[in-house]
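Colleague: Data: entry.txt, compact mmCIF, C-alpha atoms.
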# COMPACT_ATOMS: atom_id res chain seq x y z
CA MET A 550 120.20 143.70 90.12
CA THR A 551 117.79 140.97 91.25
CA ASP A 552 118.30 139.81 94.82
CA TRP A 553 117.86 136.27 96.11
CA ASP A 554 114.72 137.13 98.09
CA ASP A 555 112.87 137.89 94.84
CA LEU A 556 114.24 134.84 93.08
CA ARG A 557 113.31 132.67 96.06
CA VAL A 558 109.69 133.78 95.64
CA ILE A 559 109.71 132.81 91.96
CA HIS A 560 111.27 129.46 92.80
CA ALA A 561 108.65 128.73 95.48
CA VAL A 562 105.75 129.59 93.14
CA ALA A 563 107.22 127.41 90.37
CA GLU A 564 107.75 124.50 92.77
CA THR A 565 104.34 124.68 94.47
CA GLY A 566 102.17 125.86 91.59
CA SER A 567 100.24 128.48 93.58
CA LEU A 568 100.65 131.74 95.45
CA SER A 569 99.05 130.38 98.60
CA ALA A 570 101.33 127.32 98.78
CA ALA A 571 104.39 129.49 98.11
CA ALA A 572 103.25 131.88 100.85
CA ARG A 573 102.98 129.02 103.34
CA ARG A 574 106.41 127.73 102.40
CA LEU A 575 108.09 131.11 102.78
CA GLY A 576 106.07 132.42 105.72
CA LEU A 577 104.76 135.41 103.75
CA SER A 578 101.27 136.57 102.86
CA GLN A 579 99.67 135.60 99.55
CA PRO A 580 99.28 139.25 98.40
CA THR A 581 102.98 139.85 99.12
CA ILE A 582 103.93 136.86 96.97
CA GLY A 583 101.68 138.09 94.14
CA ARG A 584 103.13 141.61 94.24
CA ARG A 585 106.70 140.37 94.21
CA VAL A 586 106.07 138.02 91.28
CA GLN A 587 104.51 140.85 89.28
CA ALA A 588 107.27 143.31 90.19
CA LEU A 589 110.01 140.88 89.16
CA GLU A 590 108.28 140.13 85.85
CA GLU A 591 108.11 143.87 85.14
CA ARG A 592 111.75 144.33 86.07
CA LEU A 593 112.91 141.43 83.87
CA GLY A 594 110.52 142.26 81.03
CA LEU A 595 109.28 138.64 81.03
CA ILE A 596 106.06 136.78 81.75
CA LEU A 597 107.19 133.95 84.01
CA PHE A 598 103.84 132.28 84.78
CA GLU A 599 100.58 131.45 83.08
CA ARG A 600 97.78 132.30 85.50
CA SER A 601 94.69 130.08 85.60
CA ALA A 602 92.07 128.79 88.00
CA ASP A 603 94.31 125.76 88.54
CA GLY A 604 97.25 127.86 89.70
CA TYR A 605 100.50 129.22 88.34
CA ARG A 606 102.34 127.34 85.61
CA PRO A 607 105.78 128.45 84.34
CA THR A 608 105.89 129.85 80.82
CA ALA A 609 108.71 128.93 78.44
CA ALA A 610 110.70 131.83 79.88
CA GLY A 611 110.00 130.64 83.41
CA GLU A 612 111.04 127.10 82.55
CA ALA A 613 114.31 128.41 81.13
CA LEU A 614 115.11 130.08 84.46
CA LEU A 615 114.18 127.11 86.65
CA PRO A 616 117.51 125.20 86.51
CA TYR A 617 119.33 128.33 87.72
CA LEU A 618 116.73 128.98 90.42
CA ARG A 619 117.02 125.39 91.69
CA ALA A 620 120.81 125.60 91.77
CA MET A 621 120.64 128.87 93.69
CA ALA A 622 118.08 127.44 96.12
CA GLU A 623 120.26 124.40 96.77
CA SER A 624 123.33 126.58 97.31
CA ALA A 625 121.45 128.91 99.65
CA ALA A 626 120.11 125.96 101.66
CA ALA A 627 123.59 124.41 101.87
CA LEU A 628 125.04 127.73 103.04
CA GLU A 629 122.35 128.05 105.75
CA ARG A 630 122.97 124.47 106.90
CA GLU A 631 126.71 125.01 107.14
CA ALA A 632 126.20 128.23 109.09
CA ARG A 633 123.95 126.43 111.56
CA ILE A 634 126.51 123.63 111.95
CA GLN A 635 129.31 126.08 112.65
CA ALA A 636 127.18 127.93 115.21
CA ASP A 637 125.80 124.80 116.90
CA PRO A 638 126.87 124.60 120.57
CA GLY A 639 125.76 120.97 120.86
CA THR A 640 122.57 121.86 122.73
CA GLY A 641 119.10 123.11 121.80
CA LEU A 642 116.05 121.80 119.95
CA VAL A 643 116.06 118.55 117.98
CA ARG A 644 112.84 117.77 116.14
CA VAL A 645 112.13 114.18 115.09
CA ALA A 646 109.41 113.19 112.60
CA ALA A 647 107.93 109.69 112.51
CA GLY A 648 104.85 107.82 111.34
CA GLY A 649 102.04 106.73 113.64
CA TRP A 650 103.38 103.74 115.55
CA ALA A 651 107.01 104.91 115.44
CA SER A 652 106.06 108.34 116.80
CA ARG A 653 104.20 106.60 119.62
CA PHE A 654 107.29 104.49 120.41
CA LEU A 655 109.41 107.63 120.72
CA ALA A 656 106.86 109.70 122.62
CA GLU A 657 106.44 107.01 125.27
CA ARG A 658 110.21 107.01 125.85
CA LEU A 659 110.98 110.72 125.78
CA SER A 660 111.94 110.76 129.44
CA ARG A 661 114.68 108.18 128.77
CA LEU A 662 115.93 110.17 125.81
CA ARG A 663 116.00 113.36 127.88
CA GLU A 664 118.16 111.63 130.47
CA ALA A 665 120.56 110.53 127.73
CA LEU A 666 120.64 113.98 126.12
CA PRO A 667 121.20 116.72 128.71
CA GLY A 668 120.90 120.16 127.20
CA ILE A 669 118.80 118.98 124.26
CA ASP A 670 115.07 119.69 123.92
CA LEU A 671 113.39 116.90 121.96
CA ALA A 672 110.19 117.26 119.97
CA VAL A 673 108.39 114.41 118.19
CA ASP A 674 106.17 115.19 115.20
CA PHE A 675 103.62 112.78 113.74
CA GLU A 676 104.06 112.99 109.97
CA ARG A 677 102.74 110.32 107.61
CA GLN A 678 105.45 111.15 105.10
CA LEU A 679 109.05 112.14 105.69
CA PRO A 680 109.24 115.96 105.66
CA ASN A 681 112.10 117.99 104.24
CA LEU A 682 115.18 117.26 106.33
CA GLY A 683 117.37 119.77 104.54
CA ASP A 684 116.12 122.85 106.38
CA ASP A 685 115.98 123.58 110.10
CA SER A 686 112.32 122.67 110.71
CA VAL A 687 112.78 118.89 111.15
CA HIS A 688 116.15 117.27 111.83
CA LEU A 689 115.65 113.48 111.96
CA GLY A 690 113.10 111.00 110.65
CA VAL A 691 112.14 107.45 111.63
CA TYR A 692 110.37 105.65 108.77
CA ALA A 693 110.14 102.24 107.15
CA SER A 694 111.06 103.62 103.73
CA VAL A 695 113.54 106.25 102.57
CA PRO A 696 112.67 108.50 99.61
CA GLU A 697 115.29 108.86 96.91
CA LEU A 698 116.24 112.45 97.61
CA PRO A 699 119.74 113.95 97.35
CA GLY A 700 121.70 114.17 100.56
CA LEU A 701 119.65 111.77 102.68
CA ARG A 702 121.44 109.15 104.74
CA SER A 703 119.75 106.35 106.67
CA ARG A 704 120.58 103.68 109.20
CA LEU A 705 118.57 100.57 110.09
CA VAL A 706 117.65 100.86 113.77
CA ALA A 707 114.80 98.37 114.30
CA ARG A 708 112.80 95.47 112.97
CA SER A 709 109.24 95.86 114.19
CA ALA A 710 107.10 92.70 114.27
CA TYR A 711 103.31 92.81 113.91
CA ALA A 712 100.75 90.31 115.23
CA ILE A 713 97.01 90.11 115.86
CA TYR A 714 95.71 91.41 119.18
CA GLY A 715 92.41 91.88 120.91
CA ALA A 716 91.20 93.21 124.24
CA ARG A 717 91.20 90.40 126.80
CA ALA A 718 87.47 90.67 127.39
CA TYR A 719 86.77 90.51 123.64
CA VAL A 720 89.02 87.49 123.13
CA ASP A 721 87.39 85.69 126.08
CA ARG A 722 84.00 86.17 124.42
CA HIS A 723 85.29 85.16 120.98
CA PRO A 724 87.45 82.02 121.17
CA GLU A 725 87.49 82.04 117.35
CA ALA A 726 90.13 84.74 117.69
CA TRP A 727 92.71 82.00 118.29
CA SER A 728 92.05 80.22 114.99
CA GLU A 729 91.74 81.03 111.29
CA ALA A 730 88.00 81.33 111.90
CA ARG A 731 88.83 84.81 113.22
CA PHE A 732 88.72 86.27 109.71
CA ALA A 733 85.05 85.43 109.25
CA ALA A 734 83.73 85.29 112.82
CA CYS A 735 85.38 88.23 114.61
CA ASP A 736 85.01 91.98 114.37
CA TRP A 737 88.07 93.84 113.12
CA VAL A 738 89.69 97.23 113.47
CA ILE A 739 91.82 98.07 110.43
CA TYR A 740 93.76 100.98 108.99
CA ASP A 741 91.77 102.68 106.23
CA ASN A 742 94.17 102.53 103.31
CA GLU A 743 91.49 103.82 100.95
CA ARG A 744 91.30 107.10 102.87
CA VAL A 745 94.99 107.35 103.75
CA ARG A 746 96.98 106.23 100.76
CA VAL A 747 100.40 107.50 101.80
CA GLY A 748 102.60 106.64 104.72
CA SER A 749 100.42 103.78 105.97
CA ASP A 750 101.99 101.78 108.79
CA VAL A 751 100.04 98.67 107.73
CA ASP A 752 100.26 98.67 103.95
CA GLY A 753 102.50 95.60 103.77
CA TYR A 754 99.69 93.07 104.17
CA PRO A 755 96.31 92.96 102.35
CA LEU A 756 94.20 92.41 105.48
CA ASP A 757 91.15 94.20 104.08
CA ARG A 758 91.07 91.90 101.04
CA GLN A 759 91.49 88.83 103.26
CA LEU A 760 88.54 89.88 105.40
CA ALA A 761 86.43 90.60 102.32
CA SER A 762 87.17 87.16 100.88
CA ALA A 763 86.03 85.64 104.19
CA GLY A 764 82.72 87.51 103.89
CA ASN A 765 83.38 89.59 106.99
CA THR A 766 81.24 92.74 107.31
CA GLY A 767 82.16 93.60 110.91
CA ILE A 768 85.03 95.91 109.97
CA LEU A 769 85.78 99.26 111.57
CA ARG A 770 88.07 101.40 109.39
CA LEU A 771 90.10 104.14 111.04
CA THR A 772 92.62 106.66 109.75
CA THR A 773 95.16 107.00 112.58
CA THR A 774 97.02 104.53 114.75
CA ASP A 775 95.79 106.28 117.92
CA LEU A 776 92.18 105.73 116.86
CA MET A 777 92.95 102.09 116.08
CA LEU A 778 94.44 101.51 119.53
CA SER A 779 91.52 103.24 121.28
CA ALA A 780 89.00 101.13 119.37
CA LEU A 781 90.99 97.96 120.06
CA LEU A 782 91.09 98.66 123.80
CA SER A 783 87.35 99.36 123.83
CA GLY A 784 86.69 95.81 122.62
CA ALA A 785 85.71 96.74 119.07
CA GLY A 786 87.44 93.68 117.61
CA LEU A 787 90.83 92.35 116.58
CA ALA A 788 93.63 94.36 115.00
CA LEU A 789 97.00 93.81 113.39
CA ILE A 790 99.37 96.07 115.36
CA PRO A 791 103.06 96.21 116.32
CA CYS A 792 104.15 93.79 119.02
CA PHE A 793 105.86 96.62 120.91
CA VAL A 794 102.41 98.18 121.37
CA GLY A 795 100.37 95.05 122.00
CA ASP A 796 102.80 93.16 124.24
CA ALA A 797 103.39 96.21 126.42
CA HIS A 798 99.69 96.75 127.15
CA PRO A 799 98.19 94.64 129.98
CA ASP A 800 94.67 94.81 128.54
CA LEU A 801 95.65 93.31 125.19
CA VAL A 802 96.35 89.70 124.31
CA ARG A 803 98.25 88.41 121.28
CA VAL A 804 96.33 85.70 119.42
CA SER A 805 98.75 84.98 116.58
CA PRO A 806 102.46 84.61 115.99
CA PRO A 807 104.15 87.58 114.30
CA VAL A 808 103.15 88.06 110.65
CA PRO A 809 106.37 87.95 108.57
CA ALA A 810 104.88 89.97 105.69
CA MET A 811 104.12 92.82 108.07
CA GLU A 812 107.59 93.30 109.55
CA HIS A 813 108.62 96.96 109.37
CA ARG A 814 112.28 97.88 109.18
CA TYR A 815 112.60 101.31 110.68
CA ARG A 816 115.41 103.52 109.51
CA LEU A 817 116.79 106.63 111.19
CA ILE A 818 117.07 109.24 108.44
CA VAL A 819 119.06 112.47 108.36
CA HIS A 820 120.37 114.88 105.77
CA GLN A 821 124.10 114.39 105.40
CA ASP A 822 124.84 118.04 106.21
CA VAL A 823 122.39 118.32 109.11
CA GLY A 824 123.82 115.12 110.59
CA ARG A 825 127.18 116.86 111.12
CA SER A 826 125.60 119.22 113.62
CA PRO A 827 126.86 118.26 117.11
CA ARG A 828 123.44 118.24 118.75
CA ILE A 829 121.86 116.29 115.88
CA ALA A 830 124.68 113.74 116.00
CA ARG A 831 124.12 113.31 119.75
CA ALA A 832 120.39 112.83 119.28
CA LYS A 833 120.90 110.39 116.42
CA GLU A 834 123.12 108.12 118.51
CA ALA A 835 120.77 108.26 121.53
CA ILE A 836 117.74 107.33 119.42
CA ALA A 837 119.61 104.47 117.77
CA ALA A 838 120.68 103.21 121.21
CA LEU A 839 117.07 103.40 122.44
CA PHE A 840 115.84 101.22 119.59
CA ALA A 841 118.68 98.76 120.21
CA ALA A 842 117.79 98.53 123.92
CA GLU A 843 114.18 97.68 123.01
CA ARG A 844 115.06 95.09 120.35
CA ARG A 845 113.27 92.14 122.01
CA LEU A 846 110.07 94.11 122.49
CA LEU A 847 110.16 95.45 118.94
CA GLU A 848 110.77 92.04 117.42
CA GLY A 849 107.97 90.40 119.39
CA GLU A 850 110.19 88.36 121.70
CA ALA A 851 109.46 90.13 124.98
CA GLY A 852 105.82 89.08 125.41
CA ALA A 853 104.77 85.63 124.26
CA ALA A 854 101.10 84.97 123.47
CA ASP A 855 99.03 83.47 126.28
CA ARG A 856 98.45 80.55 123.95
CA THR A 857 99.86 79.84 120.52
CA GLY A 858 97.26 81.17 118.15
CA ALA A 859 96.89 80.15 114.53
CA PRO A 860 99.31 81.96 112.22
CA VAL A 861 98.10 84.44 109.61
CA PRO A 862 98.08 82.92 106.11
CA ALA A 863 100.70 84.37 103.78
Represent the supplied structure as C-alpha cells.

Modeller:
Amino acid sequence: MTDWDDLRVIHAVAETGSLSAAARRLGLSQPTIGRRVQALEERLGLILFERSADGYRPTAAGEALLPYLRAMAESAAALEREARIQADPGTGLVRVAAGGWASRFLAERLSRLREALPGIDLAVDFERQLPNLGDDSVHLGVYASVPELPGLRSRLVARSAYAIYGARAYVDRHPEAWSEARFAACDWVIYDNERVRVGSDVDGYPLDRQLASAGNTGILRLTTTDLMLSALLSGAGLALIPCFVGDAHPDLVRVSPPVPAMEHRYRLIVHQDVGRSPRIARAKEAIAALFAAERRLLEGEAGAADRTGAPVPA
C-alpha cells in the first residue's frame, strides 16, 4: 500500500520541478524528499522523474500518474478545509494578502478592523501576487486582478484613483509641476516595471514611455511602493500614486486631476470553501465595510488639489 504522504511528495516534486521547492512547500528537508521519491520509485518499480541539472521532470510513467495525484491533492485539500470550517469557533487568526498600496491601506487601518472584529487576530502580508487561498496559510486577498483558478470568488470593494503628487517644497520650487511641462522639466519617482514585472500597482499607464518621449533623464526607479513614498516625501520629484495615499499626507500636494487610465478596482478575494469559515466570513464583511467607509478618499474626492493642475494626457 502507498500512503498519501508519499504520494503528496511525488505530487509536490512534479508540480515544482525540484526537490528544494517541494521541500519548501511541504515543510520537509531536501534530503528527506529525495529519499522518499527514491523509495516510492523502488516500491512501485517505476522511474517517475528524469533527473538533470535543471531539476526533476516527470517521465512518461510519472505523467500517467499525475491526473490521479492532482485529484487526490484536491480532495485532500478540500477535506482539510472542511475540517477547519467545522472546527472554526469564529475567532482566531485571519491572514490577508495584498499588493503594495492596498497592503498599506489595510495596515494603516488595522486598529479600526480590530475594533470591528473582537476575538480575531488580523495579519496583513505584502505579496505582489495573490498566494494560494485554498490552504490555511492565507485566507483573503485584496488585488486589482483575479487569477482564473478554481474555487476563487471575488467582490468589488473599491475604486482607487491615482493622480500626480509631489512634496510641497519640491512643487514650490518647480511650478512646472502644475502643467504638462512637468514631464520634461521635473524629476520623477516611478515604479520599476522592468525589474518587477508581476503584480505592479502602476502597470496600467505607460508613464516611463511618456517621460522618455519628453526627453526626461531625471527619473528615479524604485521597486516597492514604500520606497516610492519615501523618495517622494524627501523631495526627489513627482510620482503617480493613489489619491488615498497622497491626499491623506499633509506634506504632499496633488498637481493633477485623477488619471482615468490608472484607476484600480480592488477586489476582495476568497476561496469559496474558506469563505464559509465563520471567522473568515466576519473578516471579509469588516474589510468590505472599511473600504466602503473610505470611498471618497479612495476615489480622490476627499482632498481636492490646491490648484487645478493640468490633466495627464491619455

Colleague: Considering all atoms listed in the file, state which residue in the set A:Pro696, A:Tyr740, A:Pro667, A:Arg704 is at the smallest distance from Ile768 of chain A.

Modeller: A:Tyr740

Colleague: For each of A:Val720, A:Ala730, A:Val819, A:Ser601, take the minimum atom-to-atom distance to Val691 of chain A, counting all atoms listed in the file, then give the residue where this is smallest.

Modeller: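 The closest residue to Val691 of chain A is A:Val819.
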
Colleague: Could you pull the residues within 8 Å of segment 611-628 of chain A, counting all atoms listed in the file, minus those fewer than 5 positions along the same chain, as number ranges by chain?

Modeller: A: 556-557, 560, 563, 596-598, 683-684, 822

Colleague: Restricted to C-alpha atoms, what would the selected residues look like written as a CSV table (one decimal), keeping the file's coordinate frame?

Modeller:
chain,number,residue,atom,x,y,z
A,556,LEU,CA,114.2,134.8,93.1
A,557,ARG,CA,113.3,132.7,96.1
A,560,HIS,CA,111.3,129.5,92.8
A,563,ALA,CA,107.2,127.4,90.4
A,596,ILE,CA,106.1,136.8,81.8
A,597,LEU,CA,107.2,134.0,84.0
A,598,PHE,CA,103.8,132.3,84.8
A,683,GLY,CA,117.4,119.8,104.5
A,684,ASP,CA,116.1,122.8,106.4
A,822,ASP,CA,124.8,118.0,106.2

Colleague: Hey, can you check how far atom CA of Ala837 of chain A sits from atom CA of Leu817 of chain A?

Modeller: 7.5 Å

Colleague: Measure the distance from atom CA of Val808 of chain A to atom CA of Ile713 of chain A in Å and round it to one decimal.

Modeller: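 Here the two named atoms are 8.3 Å from each other.
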
Colleague: Quick one: everything within 8 Å of Val687 of chain A, counting all atoms listed in the file, minus sequence neighbours fewer than 5 positions away in the same chain. Send it as JSON, numbers by chain.

Modeller: {"A": [643, 644, 645, 646, 680, 681, 682]}

Colleague: To one decimal in Å, tell me the separation between atom CA of Ile836 of chain A and atom CA of Val695 of chain A.

Modeller: 17.4 Å

Colleague: From the list A:Arg758, A:Ser783, A:Leu593, A:Tyr605, which residue is nearest Ser569 of chain A when using all atoms listed in the file?

Modeller: A:Tyr605

Colleague: Calculated over all atoms listed in the file, which of the candidates A:Arg814, A:Arg717, A:Arg663, A:Arg828 has the smallest distance to Arg633 of chain A?

Modeller: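 Going through A:Arg814, A:Arg717, A:Arg663, A:Arg828 one by one, the smallest distance to Arg633 of chain A is for A:Arg828.
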
Colleague: Saving segment 704-735 of chain A with N, CA, C and O atoms, as a PDB file, in the first residue's frame, what would that file be?

Modeller:
ATOM      1  N   ARG A 704     -15.161  39.987  -4.936  1.00  0.00           N
ATOM      2  CA  ARG A 704     -16.178  41.017  -4.736  1.00  0.00           C
ATOM      3  C   ARG A 704     -15.509  42.382  -4.884  1.00  0.00           C
ATOM      4  O   ARG A 704     -14.494  42.652  -4.243  1.00  0.00           O
ATOM      5  N   LEU A 705     -16.048  43.234  -5.731  1.00  0.00           N
ATOM      6  CA  LEU A 705     -15.501  44.574  -5.898  1.00  0.00           C
ATOM      7  C   LEU A 705     -15.721  45.374  -4.621  1.00  0.00           C
ATOM      8  O   LEU A 705     -16.856  45.517  -4.162  1.00  0.00           O
ATOM      9  N   VAL A 706     -14.637  45.902  -4.038  1.00  0.00           N
ATOM     10  CA  VAL A 706     -14.775  46.644  -2.785  1.00  0.00           C
ATOM     11  C   VAL A 706     -14.304  48.091  -2.899  1.00  0.00           C
ATOM     12  O   VAL A 706     -14.619  48.906  -2.021  1.00  0.00           O
ATOM     13  N   ALA A 707     -13.562  48.433  -3.971  1.00  0.00           N
ATOM     14  CA  ALA A 707     -13.066  49.814  -4.051  1.00  0.00           C
ATOM     15  C   ALA A 707     -12.619  50.153  -5.456  1.00  0.00           C
ATOM     16  O   ALA A 707     -12.122  49.299  -6.198  1.00  0.00           O
ATOM     17  N   ARG A 708     -12.801  51.433  -5.792  1.00  0.00           N
ATOM     18  CA  ARG A 708     -12.180  52.020  -6.974  1.00  0.00           C
ATOM     19  C   ARG A 708     -11.148  53.020  -6.470  1.00  0.00           C
ATOM     20  O   ARG A 708     -11.509  53.988  -5.815  1.00  0.00           O
ATOM     21  N   SER A 709      -9.899  52.760  -6.778  1.00  0.00           N
ATOM     22  CA  SER A 709      -8.812  53.590  -6.261  1.00  0.00           C
ATOM     23  C   SER A 709      -8.279  54.500  -7.360  1.00  0.00           C
ATOM     24  O   SER A 709      -7.738  54.032  -8.362  1.00  0.00           O
ATOM     25  N   ALA A 710      -8.462  55.812  -7.160  1.00  0.00           N
ATOM     26  CA  ALA A 710      -7.980  56.796  -8.143  1.00  0.00           C
ATOM     27  C   ALA A 710      -6.498  57.083  -7.912  1.00  0.00           C
ATOM     28  O   ALA A 710      -5.992  57.022  -6.788  1.00  0.00           O
ATOM     29  N   TYR A 711      -5.796  57.415  -8.989  1.00  0.00           N
ATOM     30  CA  TYR A 711      -4.394  57.809  -8.946  1.00  0.00           C
ATOM     31  C   TYR A 711      -4.260  59.222  -9.511  1.00  0.00           C
ATOM     32  O   TYR A 711      -4.991  59.609 -10.428  1.00  0.00           O
ATOM     33  N   ALA A 712      -3.324  59.983  -8.971  1.00  0.00           N
ATOM     34  CA  ALA A 712      -3.016  61.318  -9.500  1.00  0.00           C
ATOM     35  C   ALA A 712      -1.529  61.583  -9.269  1.00  0.00           C
ATOM     36  O   ALA A 712      -0.819  60.779  -8.651  1.00  0.00           O
ATOM     37  N   ILE A 713      -1.068  62.724  -9.770  1.00  0.00           N
ATOM     38  CA  ILE A 713       0.346  63.087  -9.625  1.00  0.00           C
ATOM     39  C   ILE A 713       0.515  63.944  -8.375  1.00  0.00           C
ATOM     40  O   ILE A 713      -0.235  64.898  -8.154  1.00  0.00           O
ATOM     41  N   TYR A 714       1.523  63.598  -7.586  1.00  0.00           N
ATOM     42  CA  TYR A 714       1.811  64.304  -6.334  1.00  0.00           C
ATOM     43  C   TYR A 714       3.300  64.648  -6.267  1.00  0.00           C
ATOM     44  O   TYR A 714       4.139  63.998  -6.897  1.00  0.00           O
ATOM     45  N   GLY A 715       3.568  65.654  -5.450  1.00  0.00           N
ATOM     46  CA  GLY A 715       4.935  65.996  -5.120  1.00  0.00           C
ATOM     47  C   GLY A 715       4.990  66.552  -3.710  1.00  0.00           C
ATOM     48  O   GLY A 715       3.970  66.984  -3.162  1.00  0.00           O
ATOM     49  N   ALA A 716       6.171  66.523  -3.107  1.00  0.00           N
ATOM     50  CA  ALA A 716       6.328  67.169  -1.804  1.00  0.00           C
ATOM     51  C   ALA A 716       6.095  68.671  -1.976  1.00  0.00           C
ATOM     52  O   ALA A 716       6.445  69.261  -3.009  1.00  0.00           O
ATOM     53  N   ARG A 717       5.476  69.294  -0.984  1.00  0.00           N
ATOM     54  CA  ARG A 717       5.135  70.710  -1.107  1.00  0.00           C
ATOM     55  C   ARG A 717       6.354  71.566  -1.432  1.00  0.00           C
ATOM     56  O   ARG A 717       6.289  72.470  -2.273  1.00  0.00           O
ATOM     57  N   ALA A 718       7.461  71.294  -0.762  1.00  0.00           N
ATOM     58  CA  ALA A 718       8.663  72.092  -1.014  1.00  0.00           C
ATOM     59  C   ALA A 718       9.139  71.915  -2.449  1.00  0.00           C
ATOM     60  O   ALA A 718       9.573  72.879  -3.095  1.00  0.00           O
ATOM     61  N   TYR A 719       9.063  70.674  -2.970  1.00  0.00           N
ATOM     62  CA  TYR A 719       9.502  70.441  -4.359  1.00  0.00           C
ATOM     63  C   TYR A 719       8.591  71.169  -5.341  1.00  0.00           C
ATOM     64  O   TYR A 719       9.055  71.809  -6.284  1.00  0.00           O
ATOM     65  N   VAL A 720       7.290  71.079  -5.123  1.00  0.00           N
ATOM     66  CA  VAL A 720       6.345  71.730  -6.034  1.00  0.00           C
ATOM     67  C   VAL A 720       6.519  73.249  -5.997  1.00  0.00           C
ATOM     68  O   VAL A 720       6.435  73.925  -7.032  1.00  0.00           O
ATOM     69  N   ASP A 721       6.784  73.801  -4.812  1.00  0.00           N
ATOM     70  CA  ASP A 721       7.010  75.252  -4.720  1.00  0.00           C
ATOM     71  C   ASP A 721       8.221  75.670  -5.541  1.00  0.00           C
ATOM     72  O   ASP A 721       8.229  76.760  -6.131  1.00  0.00           O
ATOM     73  N   ARG A 722       9.242  74.818  -5.591  1.00  0.00           N
ATOM     74  CA  ARG A 722      10.440  75.144  -6.357  1.00  0.00           C
ATOM     75  C   ARG A 722      10.281  74.849  -7.842  1.00  0.00           C
ATOM     76  O   ARG A 722      11.071  75.332  -8.664  1.00  0.00           O
ATOM     77  N   HIS A 723       9.287  74.062  -8.204  1.00  0.00           N
ATOM     78  CA  HIS A 723       9.098  73.643  -9.597  1.00  0.00           C
ATOM     79  C   HIS A 723       7.653  73.897 -10.014  1.00  0.00           C
ATOM     80  O   HIS A 723       6.833  72.966 -10.050  1.00  0.00           O
ATOM     81  N   PRO A 724       7.305  75.142 -10.343  1.00  0.00           N
ATOM     82  CA  PRO A 724       5.933  75.435 -10.759  1.00  0.00           C
ATOM     83  C   PRO A 724       5.514  74.679 -12.018  1.00  0.00           C
ATOM     84  O   PRO A 724       4.320  74.564 -12.306  1.00  0.00           O
ATOM     85  N   GLU A 725       6.499  74.148 -12.760  1.00  0.00           N
ATOM     86  CA  GLU A 725       6.158  73.356 -13.953  1.00  0.00           C
ATOM     87  C   GLU A 725       5.353  72.119 -13.579  1.00  0.00           C
ATOM     88  O   GLU A 725       4.691  71.512 -14.442  1.00  0.00           O
ATOM     89  N   ALA A 726       5.392  71.747 -12.319  1.00  0.00           N
ATOM     90  CA  ALA A 726       4.663  70.556 -11.873  1.00  0.00           C
ATOM     91  C   ALA A 726       3.170  70.670 -12.147  1.00  0.00           C
ATOM     92  O   ALA A 726       2.478  69.657 -12.291  1.00  0.00           O
ATOM     93  N   TRP A 727       2.664  71.901 -12.224  1.00  0.00           N
ATOM     94  CA  TRP A 727       1.232  72.110 -12.424  1.00  0.00           C
ATOM     95  C   TRP A 727       0.803  72.017 -13.885  1.00  0.00           C
ATOM     96  O   TRP A 727      -0.394  72.013 -14.177  1.00  0.00           O
ATOM     97  N   SER A 728       1.747  71.936 -14.796  1.00  0.00           N
ATOM     98  CA  SER A 728       1.414  71.944 -16.223  1.00  0.00           C
ATOM     99  C   SER A 728       1.995  70.714 -16.909  1.00  0.00           C
ATOM    100  O   SER A 728       2.720  69.920 -16.299  1.00  0.00           O
ATOM    101  N   GLU A 729       1.694  70.568 -18.204  1.00  0.00           N
ATOM    102  CA  GLU A 729       2.236  69.435 -18.958  1.00  0.00           C
ATOM    103  C   GLU A 729       3.747  69.512 -19.094  1.00  0.00           C
ATOM    104  O   GLU A 729       4.394  68.507 -19.438  1.00  0.00           O
ATOM    105  N   ALA A 730       4.324  70.672 -18.800  1.00  0.00           N
ATOM    106  CA  ALA A 730       5.780  70.800 -18.835  1.00  0.00           C
ATOM    107  C   ALA A 730       6.435  69.898 -17.791  1.00  0.00           C
ATOM    108  O   ALA A 730       7.641  69.649 -17.842  1.00  0.00           O
ATOM    109  N   ARG A 731       5.650  69.397 -16.850  1.00  0.00           N
ATOM    110  CA  ARG A 731       6.192  68.539 -15.788  1.00  0.00           C
ATOM    111  C   ARG A 731       6.929  67.321 -16.334  1.00  0.00           C
ATOM    112  O   ARG A 731       7.882  66.835 -15.735  1.00  0.00           O
ATOM    113  N   PHE A 732       6.466  66.806 -17.479  1.00  0.00           N
ATOM    114  CA  PHE A 732       7.051  65.568 -17.995  1.00  0.00           C
ATOM    115  C   PHE A 732       8.485  65.753 -18.482  1.00  0.00           C
ATOM    116  O   PHE A 732       9.273  64.816 -18.464  1.00  0.00           O
ATOM    117  N   ALA A 733       8.820  66.956 -18.907  1.00  0.00           N
ATOM    118  CA  ALA A 733      10.187  67.226 -19.354  1.00  0.00           C
ATOM    119  C   ALA A 733      11.011  67.944 -18.297  1.00  0.00           C
ATOM    120  O   ALA A 733      12.222  67.731 -18.194  1.00  0.00           O
ATOM    121  N   ALA A 734      10.380  68.790 -17.492  1.00  0.00           N
ATOM    122  CA  ALA A 734      11.128  69.691 -16.618  1.00  0.00           C
ATOM    123  C   ALA A 734      11.303  69.196 -15.186  1.00  0.00           C
ATOM    124  O   ALA A 734      12.176  69.687 -14.469  1.00  0.00           O
ATOM    125  N   CYS A 735      10.503  68.251 -14.739  1.00  0.00           N
ATOM    126  CA  CYS A 735      10.551  67.820 -13.337  1.00  0.00           C
ATOM    127  C   CYS A 735      11.243  66.467 -13.188  1.00  0.00           C
ATOM    128  O   CYS A 735      11.281  65.662 -14.124  1.00  0.00           O
TER     129      CYS A 735
END
